[in-house]
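A.B. asks: Here you go, upload_10.tsv (TSV, C-alpha atoms):
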chain	number	residue	atom	x	y	z
A	1	MET	CA	82.50	67.84	102.06
A	2	SER	CA	85.90	69.17	101.02
A	3	ILE	CA	89.07	67.80	102.63
A	4	ASN	CA	90.86	71.14	102.16
A	5	THR	CA	88.70	73.45	104.26
A	6	THR	CA	90.31	73.31	107.72
A	7	PRO	CA	93.56	75.19	106.86
A	8	ILE	CA	91.63	78.16	105.43
A	9	LEU	CA	89.40	78.48	108.49
A	10	TYR	CA	92.17	77.89	111.04
A	11	LEU	CA	94.77	80.27	109.57
A	12	ASN	CA	92.32	83.10	108.91
A	13	LEU	CA	90.87	82.87	112.43
A	14	GLY	CA	94.39	82.74	113.87
A	15	GLY	CA	95.42	85.81	111.89
A	16	GLU	CA	92.44	87.80	113.15
A	17	MET	CA	93.22	86.69	116.71
A	18	LEU	CA	96.72	88.16	116.43
A	19	TYR	CA	95.35	91.45	115.08
A	20	ILE	CA	93.03	91.80	118.08
A	21	LEU	CA	95.67	90.83	120.64
A	22	ARG	CA	98.14	93.36	119.26
A	23	GLN	CA	95.53	96.13	119.50
A	24	ARG	CA	94.70	95.16	123.08
A	25	LEU	CA	98.38	95.20	124.04
A	26	LYS	CA	98.68	98.71	122.58
A	27	ALA	CA	95.44	99.90	124.16
A	28	GLN	CA	96.53	98.73	127.60
A	29	ARG	CA	99.98	100.26	127.10
A	30	ILE	CA	101.84	97.07	127.83
A	31	ASP	CA	105.61	97.41	127.67
A	32	VAL	CA	106.88	97.11	124.09
A	33	GLU	CA	109.37	94.32	124.80
A	34	LYS	CA	106.78	92.29	126.67
A	35	SER	CA	104.22	92.85	123.91
A	36	ILE	CA	106.67	91.52	121.34
A	37	GLN	CA	107.30	88.48	123.56
A	38	VAL	CA	103.56	87.80	123.82
A	39	LEU	CA	103.07	88.01	120.04
A	40	ASP	CA	106.06	85.73	119.48
A	41	ASP	CA	104.72	83.15	121.94
A	42	VAL	CA	101.21	83.16	120.47
A	43	THR	CA	102.44	82.98	116.85
A	44	LEU	CA	104.78	80.08	117.64
A	45	ALA	CA	101.90	78.22	119.30
A	46	LEU	CA	99.57	78.99	116.39
A	47	LEU	CA	102.10	77.60	113.90
A	48	ASP	CA	103.28	74.72	116.07
A	49	PRO	CA	104.39	71.95	113.65
A	50	LYS	CA	102.39	69.25	115.42
A	51	THR	CA	99.26	71.37	115.17
A	52	LEU	CA	99.91	72.17	111.51
A	53	SER	CA	100.29	68.47	110.74
A	54	LEU	CA	96.78	67.96	112.12
A	55	ILE	CA	95.33	71.02	110.38
A	56	PHE	CA	96.73	70.09	106.94
A	57	GLU	CA	95.66	66.46	107.06
A	58	LYS	CA	93.42	65.59	104.13
A	59	THR	CA	90.32	65.00	106.21
A	60	PRO	CA	86.85	66.61	106.23
A	61	LEU	CA	86.43	69.98	107.92
A	62	MET	CA	87.26	69.84	111.61
A	63	GLY	CA	84.36	70.93	113.83
A	64	ILE	CA	84.33	74.60	114.78
A	65	SER	CA	84.36	73.65	118.46
A	66	SER	CA	87.54	71.64	117.90
A	67	ILE	CA	89.20	74.51	116.03
A	68	ARG	CA	88.20	76.86	118.82
A	69	SER	CA	89.67	74.57	121.47
A	70	ILE	CA	93.02	74.62	119.64
A	71	LEU	CA	92.93	78.42	119.31
A	72	GLU	CA	92.01	78.83	122.97
A	73	ARG	CA	95.08	76.81	123.88
A	74	VAL	CA	97.10	79.04	121.57
A	75	VAL	CA	95.89	82.30	123.11
A	76	LEU	CA	96.50	81.00	126.63
A	77	CYS	CA	100.01	79.75	125.88
A	78	SER	CA	101.59	83.05	126.90
A	79	ILE	CA	101.03	85.09	130.05
A	80	MET	CA	97.61	86.49	129.16
A	81	LYS	CA	94.64	85.92	131.40
A	82	LEU	CA	91.18	85.82	129.81
A	83	ASP	CA	87.99	84.79	131.55
A	84	GLY	CA	85.15	83.02	129.78
A	85	ASN	CA	83.34	86.23	128.85
A	86	SER	CA	86.50	87.77	127.40
A	87	MET	CA	87.24	84.62	125.42
A	88	ASN	CA	83.74	84.66	123.95
A	89	LYS	CA	84.10	88.30	122.90
A	90	LEU	CA	87.45	87.57	121.31
A	91	PHE	CA	86.03	84.70	119.24
A	92	GLU	CA	82.95	86.70	118.23
A	93	LEU	CA	85.24	89.31	116.68
A	94	MET	CA	87.37	86.65	114.99
A	95	TYR	CA	84.37	84.77	113.58
A	96	THR	CA	82.68	87.96	112.34
A	97	MET	CA	85.74	89.29	110.53
A	98	VAL	CA	86.46	85.99	108.78
A	99	LYS	CA	82.77	85.67	107.86
A	100	TYR	CA	82.84	89.20	106.40
A	101	GLN	CA	86.01	88.54	104.39
A	102	LEU	CA	84.78	85.28	102.89
A	103	THR	CA	81.31	86.71	102.22
A	104	VAL	CA	82.56	89.61	100.10
A	105	ALA	CA	85.41	87.68	98.42
A	106	THR	CA	85.06	88.03	94.65
A	107	GLY	CA	86.47	84.64	93.68
A	108	PRO	CA	88.45	81.54	94.66
A	109	ARG	CA	91.83	83.15	94.07
A	110	GLU	CA	90.95	85.94	96.50
A	111	VAL	CA	90.10	83.33	99.15
A	112	VAL	CA	93.71	82.14	98.99
A	113	LEU	CA	95.05	85.71	98.92
A	114	ILE	CA	93.06	86.54	102.08
A	115	THR	CA	94.84	83.70	103.85
A	116	LEU	CA	98.23	84.87	102.54
A	117	ASN	CA	97.51	88.39	103.83
A	118	HIS	CA	97.10	86.87	107.28
A	119	THR	CA	100.35	84.89	107.06
A	120	ASP	CA	102.16	88.00	105.77
A	121	ALA	CA	100.99	89.85	108.88
A	122	MET	CA	102.20	87.01	111.11
A	123	ARG	CA	105.66	87.34	109.59
A	124	ASP	CA	105.70	91.10	110.16
A	125	MET	CA	104.49	90.84	113.76
A	126	VAL	CA	107.13	88.48	115.11
A	127	SER	CA	110.88	88.61	115.66
A	128	ASP	CA	111.45	84.94	116.52
A	129	GLU	CA	113.46	83.17	113.81
A	130	ASN	CA	111.62	79.86	114.31
A	131	ALA	CA	108.32	81.66	113.79
A	132	HIS	CA	109.65	83.13	110.54
A	133	GLN	CA	110.60	79.68	109.31
A	134	CYS	CA	107.16	78.34	110.21
A	135	VAL	CA	105.43	81.19	108.38
A	136	SER	CA	107.51	80.61	105.25
A	137	LEU	CA	106.75	76.89	105.34
A	138	VAL	CA	103.03	77.48	105.88
A	139	HIS	CA	103.00	79.94	102.98
A	140	GLN	CA	104.46	77.31	100.65
A	141	MET	CA	102.03	74.66	101.91
A	142	ILE	CA	99.08	76.97	101.20
A	143	VAL	CA	100.28	77.80	97.69
A	144	ASP	CA	101.09	74.18	96.80
A	145	LEU	CA	97.76	72.91	98.11
A	146	TYR	CA	95.31	75.46	96.76
A	147	SER	CA	96.98	76.48	93.50
A	148	ASN	CA	96.51	72.90	92.31
A	149	LEU	CA	92.80	72.83	93.12
A	150	THR	CA	90.13	73.95	90.70
A	151	TYR	CA	88.25	77.20	91.07
A	152	GLU	CA	85.14	75.20	91.86
A	153	GLU	CA	86.87	73.24	94.63
A	154	ILE	CA	88.21	76.37	96.33
A	155	TRP	CA	84.83	78.09	96.09
A	156	LYS	CA	83.35	75.02	97.76
A	157	VAL	CA	85.89	75.45	100.58
A	158	ARG	CA	84.77	79.07	100.96
A	159	ASN	CA	81.09	78.07	101.08
A	160	GLU	CA	81.76	75.38	103.70
A	161	CYS	CA	83.49	77.93	105.91
A	162	LEU	CA	80.48	80.26	105.58
A	163	ASP	CA	78.12	77.40	106.47
A	164	VAL	CA	80.07	76.88	109.70
A	165	LEU	CA	79.89	80.62	110.51
A	166	LYS	CA	76.30	81.27	109.38
A	167	SER	CA	74.98	81.38	112.95
A	168	ILE	CA	77.37	84.22	113.84
A	169	ASN	CA	75.45	87.51	113.61
A	170	VAL	CA	77.46	90.06	115.54
A	171	ARG	CA	77.56	93.77	114.77
A	172	MET	CA	81.08	95.19	114.86
A	173	THR	CA	81.57	98.89	115.45
A	174	ILE	CA	84.44	99.20	113.01
A	175	LEU	CA	82.52	97.49	110.21
A	176	LEU	CA	79.49	99.66	110.87
A	177	ARG	CA	81.60	102.82	110.91
A	178	LEU	CA	83.25	101.92	107.61
A	179	GLY	CA	79.87	101.15	106.07
A	180	LEU	CA	80.79	97.50	105.61
A	181	GLN	CA	77.99	96.19	107.82
A	182	ASN	CA	74.33	97.03	108.37
A	183	GLU	CA	72.39	97.24	111.63
A	184	ASN	CA	70.94	93.79	110.95
A	185	ALA	CA	74.52	92.38	110.86
A	186	THR	CA	74.50	91.77	107.09
A	187	PHE	CA	77.54	92.87	105.09
A	188	ASN	CA	78.14	95.41	102.34
A	189	VAL	CA	80.84	95.35	99.69
A	190	GLY	CA	83.23	98.22	100.30
A	191	LYS	CA	85.75	99.90	98.03
A	192	GLN	CA	87.17	97.15	95.85
A	193	THR	CA	90.84	97.11	95.00
A	194	TYR	CA	90.48	93.61	93.61
A	195	ASN	CA	87.69	91.91	91.70
A	196	GLU	CA	87.84	88.50	90.03
A	197	ARG	CA	84.23	88.68	88.83
A	198	TYR	CA	84.04	84.94	89.40
A	199	ASP	CA	80.25	85.02	89.39
A	200	LYS	CA	80.37	86.07	85.72
A	201	GLN	CA	83.11	83.64	84.69
A	202	GLU	CA	82.18	80.59	86.75
A	203	ALA	CA	80.80	78.61	83.80
A	204	LYS	CA	84.05	79.07	81.87
A	205	ILE	CA	86.72	78.52	84.51
A	206	ALA	CA	85.10	76.50	87.31
A	207	HIS	CA	86.88	73.29	86.32
A	208	LEU	CA	90.27	74.92	85.72
A	209	LYS	CA	93.06	74.89	88.30
A	210	LEU	CA	94.38	78.21	89.55
A	211	THR	CA	97.67	77.43	87.85
A	212	ASP	CA	95.89	76.90	84.51
A	213	VAL	CA	94.81	80.54	84.26
A	214	ASN	CA	97.34	83.19	83.30
A	215	CYS	CA	96.71	85.92	85.84
A	216	ASP	CA	99.51	88.25	84.74
A	217	LYS	CA	97.26	90.13	82.34
A	218	TYR	CA	94.44	90.30	84.90
A	219	THR	CA	96.54	91.55	87.85
A	220	PHE	CA	94.93	89.11	90.25
A	221	GLY	CA	97.47	89.27	93.07
A	222	SER	CA	100.69	87.38	93.68
A	223	PHE	CA	101.18	84.07	95.47
A	224	ASN	CA	104.92	84.76	95.91
A	225	LEU	CA	106.35	84.81	99.43
A	226	PHE	CA	106.79	88.59	99.39
A	227	GLY	CA	104.35	89.38	96.59
A	228	ASP	CA	101.62	92.01	96.34
A	229	ARG	CA	98.27	90.48	97.27
A	230	ILE	CA	96.36	93.58	96.05
A	231	THR	CA	93.19	92.69	97.99
A	232	LEU	CA	92.53	94.49	101.29
A	233	LEU	CA	90.66	91.51	102.71
A	234	GLY	CA	92.73	89.72	105.31
A	235	ARG	CA	94.75	92.79	106.24
A	236	ASN	CA	94.54	94.35	109.72
A	237	ILE	CA	91.31	96.36	109.70
A	238	TYR	CA	92.15	97.82	113.13
A	239	SER	CA	95.27	99.49	111.73
A	240	PRO	CA	95.13	103.23	110.93
A	241	THR	CA	96.78	102.41	107.59
A	242	TYR	CA	94.01	100.00	106.57
A	243	GLY	CA	92.87	100.89	103.08
A	244	ASN	CA	96.31	101.85	101.85
A	245	ILE	CA	97.78	99.41	99.35
A	246	PRO	CA	101.39	98.68	100.37
A	247	LYS	CA	104.20	98.20	97.93
A	248	PRO	CA	105.48	94.61	97.64
A	249	CYS	CA	107.64	94.02	100.68
A	250	LEU	CA	111.25	92.92	100.57
A	251	LYS	CA	112.62	90.08	102.66
A	252	ARG	CA	113.69	91.27	106.08
A	253	ASN	CA	115.72	89.66	108.81
A	254	SER	CA	114.66	89.22	112.43
A	255	ARG	CA	116.47	92.35	113.62
A	256	GLN	CA	114.67	94.54	111.10
A	257	VAL	CA	111.32	93.01	112.02
A	258	LEU	CA	112.03	93.59	115.72
A	259	VAL	CA	112.78	97.28	115.08
A	260	ASP	CA	109.63	97.64	112.97
A	261	SER	CA	107.55	95.92	115.65
A	262	ARG	CA	108.85	98.29	118.31
A	263	GLN	CA	108.03	101.30	116.20
A	264	LEU	CA	104.51	100.01	115.48
A	265	LEU	CA	103.82	99.32	119.13
A	266	LYS	CA	105.14	102.73	120.21
A	267	THR	CA	103.17	104.71	117.64
A	268	ASP	CA	100.00	106.26	119.04
A	269	SER	CA	99.22	109.05	116.57
A	270	GLY	CA	96.28	108.21	114.37
A	271	CYS	CA	95.38	105.16	116.46
A	272	LYS	CA	93.22	106.73	119.18
A	273	ALA	CA	89.96	106.32	117.33
A	274	GLU	CA	90.73	102.72	116.44
A	275	LEU	CA	91.76	101.79	119.96
A	276	GLY	CA	88.78	103.54	121.48
A	277	MET	CA	86.45	101.74	119.11
A	278	LEU	CA	87.99	98.36	119.87
A	279	ALA	CA	87.85	99.05	123.59
A	280	LEU	CA	84.11	99.68	123.28
A	281	GLN	CA	83.68	96.47	121.31
A	282	LEU	CA	85.49	94.43	123.92
A	283	GLY	CA	83.71	96.13	126.79
A	284	THR	CA	86.70	97.85	128.39
A	285	GLU	CA	84.86	101.19	128.60
A	286	GLU	CA	82.22	99.90	130.99
A	287	THR	CA	81.99	101.61	134.38
A	288	THR	CA	82.04	98.36	136.32
A	289	TYR	CA	85.12	97.31	138.23
A	290	GLU	CA	85.48	94.04	136.34
A	291	ARG	CA	87.25	94.38	133.00
A	292	PRO	CA	85.57	91.92	130.62
A	293	PHE	CA	88.67	91.67	128.42
A	294	SER	CA	91.94	91.56	130.33
A	295	LEU	CA	95.49	90.74	129.34
A	296	ASN	CA	97.00	90.53	132.81
A	297	LEU	CA	100.74	90.11	132.60
A	298	TYR	CA	101.50	90.04	136.31
A	299	ILE	CA	98.75	88.29	138.33
A	300	SER	CA	99.75	84.86	139.62
A	301	ASP	CA	97.49	83.86	142.50
A	302	GLU	CA	95.31	80.97	143.60
A	303	ASN	CA	92.49	82.09	141.32
A	304	MET	CA	94.88	82.06	138.40
A	305	ASN	CA	96.02	78.57	139.31
A	306	SER	CA	92.48	77.25	139.62
A	307	HIS	CA	91.51	78.98	136.37
A	308	THR	CA	94.51	77.40	134.65
A	309	ASP	CA	93.70	73.94	136.04
A	310	GLN	CA	90.16	74.24	134.73
A	311	ASN	CA	91.46	75.30	131.32
A	312	HIS	CA	93.81	72.29	131.23
A	313	LYS	CA	90.94	69.93	131.99
A	314	GLU	CA	88.72	71.49	129.33
A	315	LEU	CA	91.49	71.50	126.75
A	316	LYS	CA	92.37	67.87	127.53
A	317	ALA	CA	88.76	66.89	126.93
A	318	ASN	CA	88.67	68.90	123.71
A	319	GLU	CA	91.93	67.37	122.53
A	320	GLU	CA	90.45	63.91	122.91
A	321	GLU	CA	87.51	65.05	120.81
A	322	ILE	CA	89.64	66.31	117.92
A	323	GLN	CA	91.78	63.22	117.49
A	324	ILE	CA	91.26	62.14	113.90
A	325	GLU	CA	92.19	58.81	112.38
A	326	ASN	CA	95.40	59.33	110.51
A	327	ASN	CA	94.22	57.80	107.24
A	328	ALA	CA	95.81	60.46	105.04
A	329	SER	CA	99.07	62.30	105.85
A	330	ILE	CA	100.51	65.45	104.32
A	331	ASP	CA	103.33	65.35	101.83
A	332	LYS	CA	106.44	63.62	103.24
A	333	GLU	CA	108.71	66.53	102.46
A	334	TYR	CA	106.53	68.95	104.40
A	335	LYS	CA	106.13	66.47	107.23
A	336	ASN	CA	109.90	66.14	107.54
A	337	GLU	CA	110.27	69.92	107.59
A	338	LEU	CA	107.56	70.21	110.23
A	339	GLU	CA	109.25	67.57	112.36
A	340	ASN	CA	112.60	69.37	112.07
A	341	LEU	CA	110.99	72.63	113.17
A	342	CYS	CA	109.21	70.77	115.94
A	343	ASP	CA	112.53	69.40	117.25
A	344	LEU	CA	114.00	72.92	117.30
A	345	GLN	CA	110.95	74.29	119.09
A	346	ASP	CA	110.89	71.43	121.60
A	347	GLU	CA	114.46	72.28	122.62
A	348	SER	CA	113.64	75.94	123.14
A	349	THR	CA	110.33	75.03	124.85
A	350	ASN	CA	112.10	72.81	127.38
A	351	ILE	CA	114.37	75.69	128.30
A	352	LYS	CA	111.49	78.15	128.55
A	353	GLN	CA	109.38	75.81	130.67
A	354	SER	CA	112.15	75.53	133.23
A	355	MET	CA	112.03	79.28	133.85
A	356	ASP	CA	109.36	81.50	135.32
A	357	LEU	CA	107.94	83.42	132.36
A	358	LEU	CA	107.32	86.49	134.46
A	359	LYS	CA	110.97	86.56	135.52
A	360	LEU	CA	112.00	86.12	131.93
A	361	LEU	CA	109.93	89.12	130.88
A	362	ASP	CA	111.28	91.18	133.77
A	363	GLU	CA	114.80	90.40	132.58
A	364	VAL	CA	113.87	91.61	129.10
Is it possible to give me this structure as structure tokens?
C.D. replies:
Amino acid sequence: MSINTTPILYLNLGGEMLYILRQRLKAQRIDVEKSIQVLDDVTLALLDPKTLSLIFEKTPLMGISSIRSILERVVLCSIMKLDGNSMNKLFELMYTMVKYQLTVATGPREVVLITLNHTDAMRDMVSDENAHQCVSLVHQMIVDLYSNLTYEEIWKVRNECLDVLKSINVRMTILLRLGLQNENATFNVGKQTYNERYDKQEAKIAHLKLTDVNCDKYTFGSFNLFGDRITLLGRNIYSPTYGNIPKPCLKRNSRQVLVDSRQLLKTDSGCKAELGMLALQLGTEETTYERPFSLNLYISDENMNSHTDQNHKELKANEEEIQIENNASIDKEYKNELENLCDLQDESTNIKQSMDLLKLLDEV
């Protein structure tokens, strides 16, 4: 079993989670400023330095139940309220999309590029400067780790992820509509903007590292921080612009990202079909009074308190389950950087925890 599988599974699932949450915030017409705050909170929790230290430890693949428990804690870190049924629907969508992406990936290099597409989207979604620093650090950790593995080792990581997700057989409306999935939940290869043809070259390059192959003449996508990934896999499939290949982005500051985020969240033209489809997937078009997928930004009652207490107990039990013997740590330089970011976040977290989050959002 590979010791480099957990980061791929965790970061790709986390990226898909953010895509879905952003669409739900838009569909429910949540205030733009509050939506940005929610995405910032969730992204910061997803890339929390202490969590990343655990995820990037050189240990065998963490159990899917343990990864889910971490991601559940992440999604509940803000002011969203999801019941058990809603949480299950959310994870079904996440699992299915990651399974689809890894299934149709054309080679090991694309597996890494899929992950970088997700981290690129995280950077574009948030305005918090700490989150930007975390994304940049995670990007470098991904490149340093996987670019020095062989093609065979990365393909093994991909296959291990698919083994974990093999029991997931969910039909997604958007995949069916795009012709990327069949009624029996199997996947089809769509329009390819990227193709490594690894199946035809495996015998020749399997034992080579990614850095040993000159990809300039093959146009196999960039690993640079703001490079062109070329592949569509890993991009936001719920976006009306999905399928368009963007030009390589330039570095932007937090203010520019905030403006862009506001414009994206305010834009409705061209999104109706996507939002309607996602609403059907998540069950929000049912005629019953109970909304199966709810992001309630204002309810704070006894039920909420009891629900939260139950979540804390479950998460505490899950946290005890995922404690792994620290027999191999990540590179000291990265660990120091993570600890520095953690100190910065702890200071801001202490301030935030002393305030009522609802009041904070009202002030915004």
A.B. asks: Considering only C-alpha atoms, give me a table of residues in range 207-246 of chain A that are at most 12 Å from range 85-98 of chain A, with the closest atom pair and distance in Å for each, as CSV.
C.D. replies:
residue,atom,partner,partner_atom,distance
A:Leu233,CA,A:Val98,CA,9.2
A:Gly234,CA,A:Val98,CA,8.1
A:Arg235,CA,A:Met97,CA,10.6
A:Asn236,CA,A:Met97,CA,10.2
A:Ile237,CA,A:Met97,CA,9.0
A:Tyr238,CA,A:Met97,CA,11.0
A.B. asks: Residues within 7 Å of range 146-151 of chain A, please, as a PyMOL selection string. Count all atoms listed in the file; anything in the same chain fewer than 2 positions from it doesn't count.
C.D. replies: chain A and resi 108+142-144+153-155+205-211
A.B. asks: Go through A:Thr51, A:Asn130, A:Thr231, A:Thr106 one by one, measure the shortest atom-to-atom distance of each to Tyr10 in chain A using only C-alpha atoms, and give the residue with the smallest value.
C.D. replies: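 Among A:Thr51, A:Asn130, A:Thr231, A:Thr106, it is A:Thr51 that comes nearest to Tyr10 in chain A.
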A.B. asks: Quick one: distance from CA of Arg73 in chain A to CA of Val112 in chain A in Å, one decimal?
C.D. replies: 25.5 Å
A.B. asks: List every protein, DNA or RNA residue with an atom no more than 10 Å from (101.4, 89.7, 109.2) in the file's coordinates, counting all atoms listed in the file, and format the result as a list in words.
C.D. replies: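 Output of the proximity query reads Gly15, Glu16, Leu18, Tyr19, Leu116, Asn117, His118, Thr119, Asp120, Ala121, Met122, Arg123, Asp124, Met125, Val126, Val135, Gly234, Arg235 and Asn236 of chain A.
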A.B. asks: Select, from A:Lys34, A:Lys26, A:His139, A:Lys81, the residue with the minimum atom-to-atom distance to Leu52 in chain A, counting only C-alpha atoms.
C.D. replies: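 Distance minimum relative to Leu52 in chain A lands on A:His139.
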A.B. asks: Please report the interatomic distance between CA of Ile64 in chain A and CA of Val157 in chain A in Å with one decimal.
C.D. replies: 14.3 Å
A.B. asks: Give the padded box for range 31-39 of chain A as lines of an AutoDock Vina configuration file: axis-aligned, covering all atoms listed in the file, 8 Å on each side, centre and edge lengths in Å to one decimal.
C.D. replies:
center_x = 106.2
center_y = 92.6
center_z = 123.9
size_x = 22.3
size_y = 25.6
size_z = 23.6
A.B. asks: Grab the CA of Thr6 in chain A to CA of Leu61 in chain A distance for me, in Å with one decimal place.
C.D. replies: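 The value is 5.1 Å.
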A.B. asks: Please list, as a ChimeraX atom specification, the residues that have an atom at most 7 Å away from (91.3, 82.8, 118.8) in the coordinates of this file, counting all atoms listed in the file.
C.D. replies: /A:13-14,17,68,71-72,75,90-91,94
A.B. asks: Residues at most 12 Å from range 180-187 of chain A, counting all atoms listed in the file, excluding those fewer than 6 positions away in the same chain, as a PyMOL selection string?
C.D. replies: chain A and resi 96-105+166-174+233+237
A.B. asks: Considering all atoms listed in the file, state which residue in the set A:Asn214, A:Gly107, A:Leu225, A:Asn4 is at the smallest distance from Asp199 in chain A.
C.D. replies: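 Under the stated criterion, the closest residue is A:Gly107.
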A.B. asks: How would range 165-188 of chain A look written as a PDB file, in the first residue's frame with N, CA and C atoms?
C.D. replies:
ATOM      1  N   LEU A 165     -13.128   3.807  -3.368  1.00  0.00           N
ATOM      2  CA  LEU A 165     -14.404   4.371  -3.849  1.00  0.00           C
ATOM      3  C   LEU A 165     -15.212   3.401  -4.712  1.00  0.00           C
ATOM      4  N   LYS A 166     -14.748   2.156  -4.850  1.00  0.00           N
ATOM      5  CA  LYS A 166     -15.401   1.235  -5.785  1.00  0.00           C
ATOM      6  C   LYS A 166     -16.846   0.916  -5.404  1.00  0.00           C
ATOM      7  N   SER A 167     -17.181   1.013  -4.131  1.00  0.00           N
ATOM      8  CA  SER A 167     -18.554   0.701  -3.709  1.00  0.00           C
ATOM      9  C   SER A 167     -19.521   1.852  -3.969  1.00  0.00           C
ATOM     10  N   ILE A 168     -19.004   3.005  -4.365  1.00  0.00           N
ATOM     11  CA  ILE A 168     -19.854   4.164  -4.644  1.00  0.00           C
ATOM     12  C   ILE A 168     -20.393   4.047  -6.065  1.00  0.00           C
ATOM     13  N   ASN A 169     -21.695   3.868  -6.199  1.00  0.00           N
ATOM     14  CA  ASN A 169     -22.340   3.755  -7.510  1.00  0.00           C
ATOM     15  C   ASN A 169     -23.572   4.648  -7.533  1.00  0.00           C
ATOM     16  N   VAL A 170     -23.319   5.926  -7.641  1.00  0.00           N
ATOM     17  CA  VAL A 170     -24.380   6.934  -7.611  1.00  0.00           C
ATOM     18  C   VAL A 170     -24.483   7.587  -8.978  1.00  0.00           C
ATOM     19  N   ARG A 171     -25.703   7.738  -9.473  1.00  0.00           N
ATOM     20  CA  ARG A 171     -25.913   8.432 -10.746  1.00  0.00           C
ATOM     21  C   ARG A 171     -26.084   9.921 -10.470  1.00  0.00           C
ATOM     22  N   MET A 172     -25.305  10.729 -11.151  1.00  0.00           N
ATOM     23  CA  MET A 172     -25.384  12.182 -10.985  1.00  0.00           C
ATOM     24  C   MET A 172     -26.014  12.795 -12.229  1.00  0.00           C
ATOM     25  N   THR A 173     -27.008  13.640 -12.015  1.00  0.00           N
ATOM     26  CA  THR A 173     -27.737  14.247 -13.117  1.00  0.00           C
ATOM     27  C   THR A 173     -26.822  14.973 -14.082  1.00  0.00           C
ATOM     28  N   ILE A 174     -25.869  15.726 -13.542  1.00  0.00           N
ATOM     29  CA  ILE A 174     -25.018  16.526 -14.418  1.00  0.00           C
ATOM     30  C   ILE A 174     -24.105  15.646 -15.264  1.00  0.00           C
ATOM     31  N   LEU A 175     -23.624  14.537 -14.705  1.00  0.00           N
ATOM     32  CA  LEU A 175     -22.798  13.626 -15.483  1.00  0.00           C
ATOM     33  C   LEU A 175     -23.625  12.920 -16.552  1.00  0.00           C
ATOM     34  N   LEU A 176     -24.841  12.547 -16.202  1.00  0.00           N
ATOM     35  CA  LEU A 176     -25.732  11.920 -17.177  1.00  0.00           C
ATOM     36  C   LEU A 176     -26.070  12.885 -18.310  1.00  0.00           C
ATOM     37  N   ARG A 177     -26.345  14.130 -17.958  1.00  0.00           N
ATOM     38  CA  ARG A 177     -26.722  15.120 -18.964  1.00  0.00           C
ATOM     39  C   ARG A 177     -25.579  15.412 -19.922  1.00  0.00           C
ATOM     40  N   LEU A 178     -24.351  15.399 -19.402  1.00  0.00           N
ATOM     41  CA  LEU A 178     -23.183  15.668 -20.238  1.00  0.00           C
ATOM     42  C   LEU A 178     -22.699  14.420 -20.974  1.00  0.00           C
ATOM     43  N   GLY A 179     -23.379  13.293 -20.751  1.00  0.00           N
ATOM     44  CA  GLY A 179     -22.990  12.060 -21.412  1.00  0.00           C
ATOM     45  C   GLY A 179     -21.750  11.422 -20.818  1.00  0.00           C
ATOM     46  N   LEU A 180     -21.409  11.814 -19.594  1.00  0.00           N
ATOM     47  CA  LEU A 180     -20.202  11.299 -18.951  1.00  0.00           C
ATOM     48  C   LEU A 180     -20.484  10.098 -18.054  1.00  0.00           C
ATOM     49  N   GLN A 181     -21.777   9.761 -17.917  1.00  0.00           N
ATOM     50  CA  GLN A 181     -22.157   8.629 -17.077  1.00  0.00           C
ATOM     51  C   GLN A 181     -23.337   7.912 -17.716  1.00  0.00           C
ATOM     52  N   ASN A 182     -23.398   6.604 -17.505  1.00  0.00           N
ATOM     53  CA  ASN A 182     -24.491   5.793 -18.022  1.00  0.00           C
ATOM     54  C   ASN A 182     -25.516   5.521 -16.926  1.00  0.00           C
ATOM     55  N   GLU A 183     -26.662   4.974 -17.319  1.00  0.00           N
ATOM     56  CA  GLU A 183     -27.720   4.701 -16.353  1.00  0.00           C
ATOM     57  C   GLU A 183     -27.300   3.687 -15.298  1.00  0.00           C
ATOM     58  N   ASN A 184     -26.325   2.846 -15.633  1.00  0.00           N
ATOM     59  CA  ASN A 184     -25.842   1.862 -14.651  1.00  0.00           C
ATOM     60  C   ASN A 184     -24.724   2.418 -13.782  1.00  0.00           C
ATOM     61  N   ALA A 185     -24.511   3.740 -13.847  1.00  0.00           N
ATOM     62  CA  ALA A 185     -23.536   4.472 -13.013  1.00  0.00           C
ATOM     63  C   ALA A 185     -22.093   4.304 -13.473  1.00  0.00           C
ATOM     64  N   THR A 186     -21.850   3.626 -14.596  1.00  0.00           N
ATOM     65  CA  THR A 186     -20.497   3.564 -15.133  1.00  0.00           C
ATOM     66  C   THR A 186     -20.190   4.875 -15.855  1.00  0.00           C
ATOM     67  N   PHE A 187     -18.907   5.117 -16.102  1.00  0.00           N
ATOM     68  CA  PHE A 187     -18.482   6.400 -16.661  1.00  0.00           C
ATOM     69  C   PHE A 187     -18.050   6.285 -18.122  1.00  0.00           C
ATOM     70  N   ASN A 188     -18.200   7.395 -18.842  1.00  0.00           N
ATOM     71  CA  ASN A 188     -17.727   7.518 -20.206  1.00  0.00           C
ATOM     72  C   ASN A 188     -16.634   8.581 -20.267  1.00  0.00           C
TER      73      ASN A 188
END
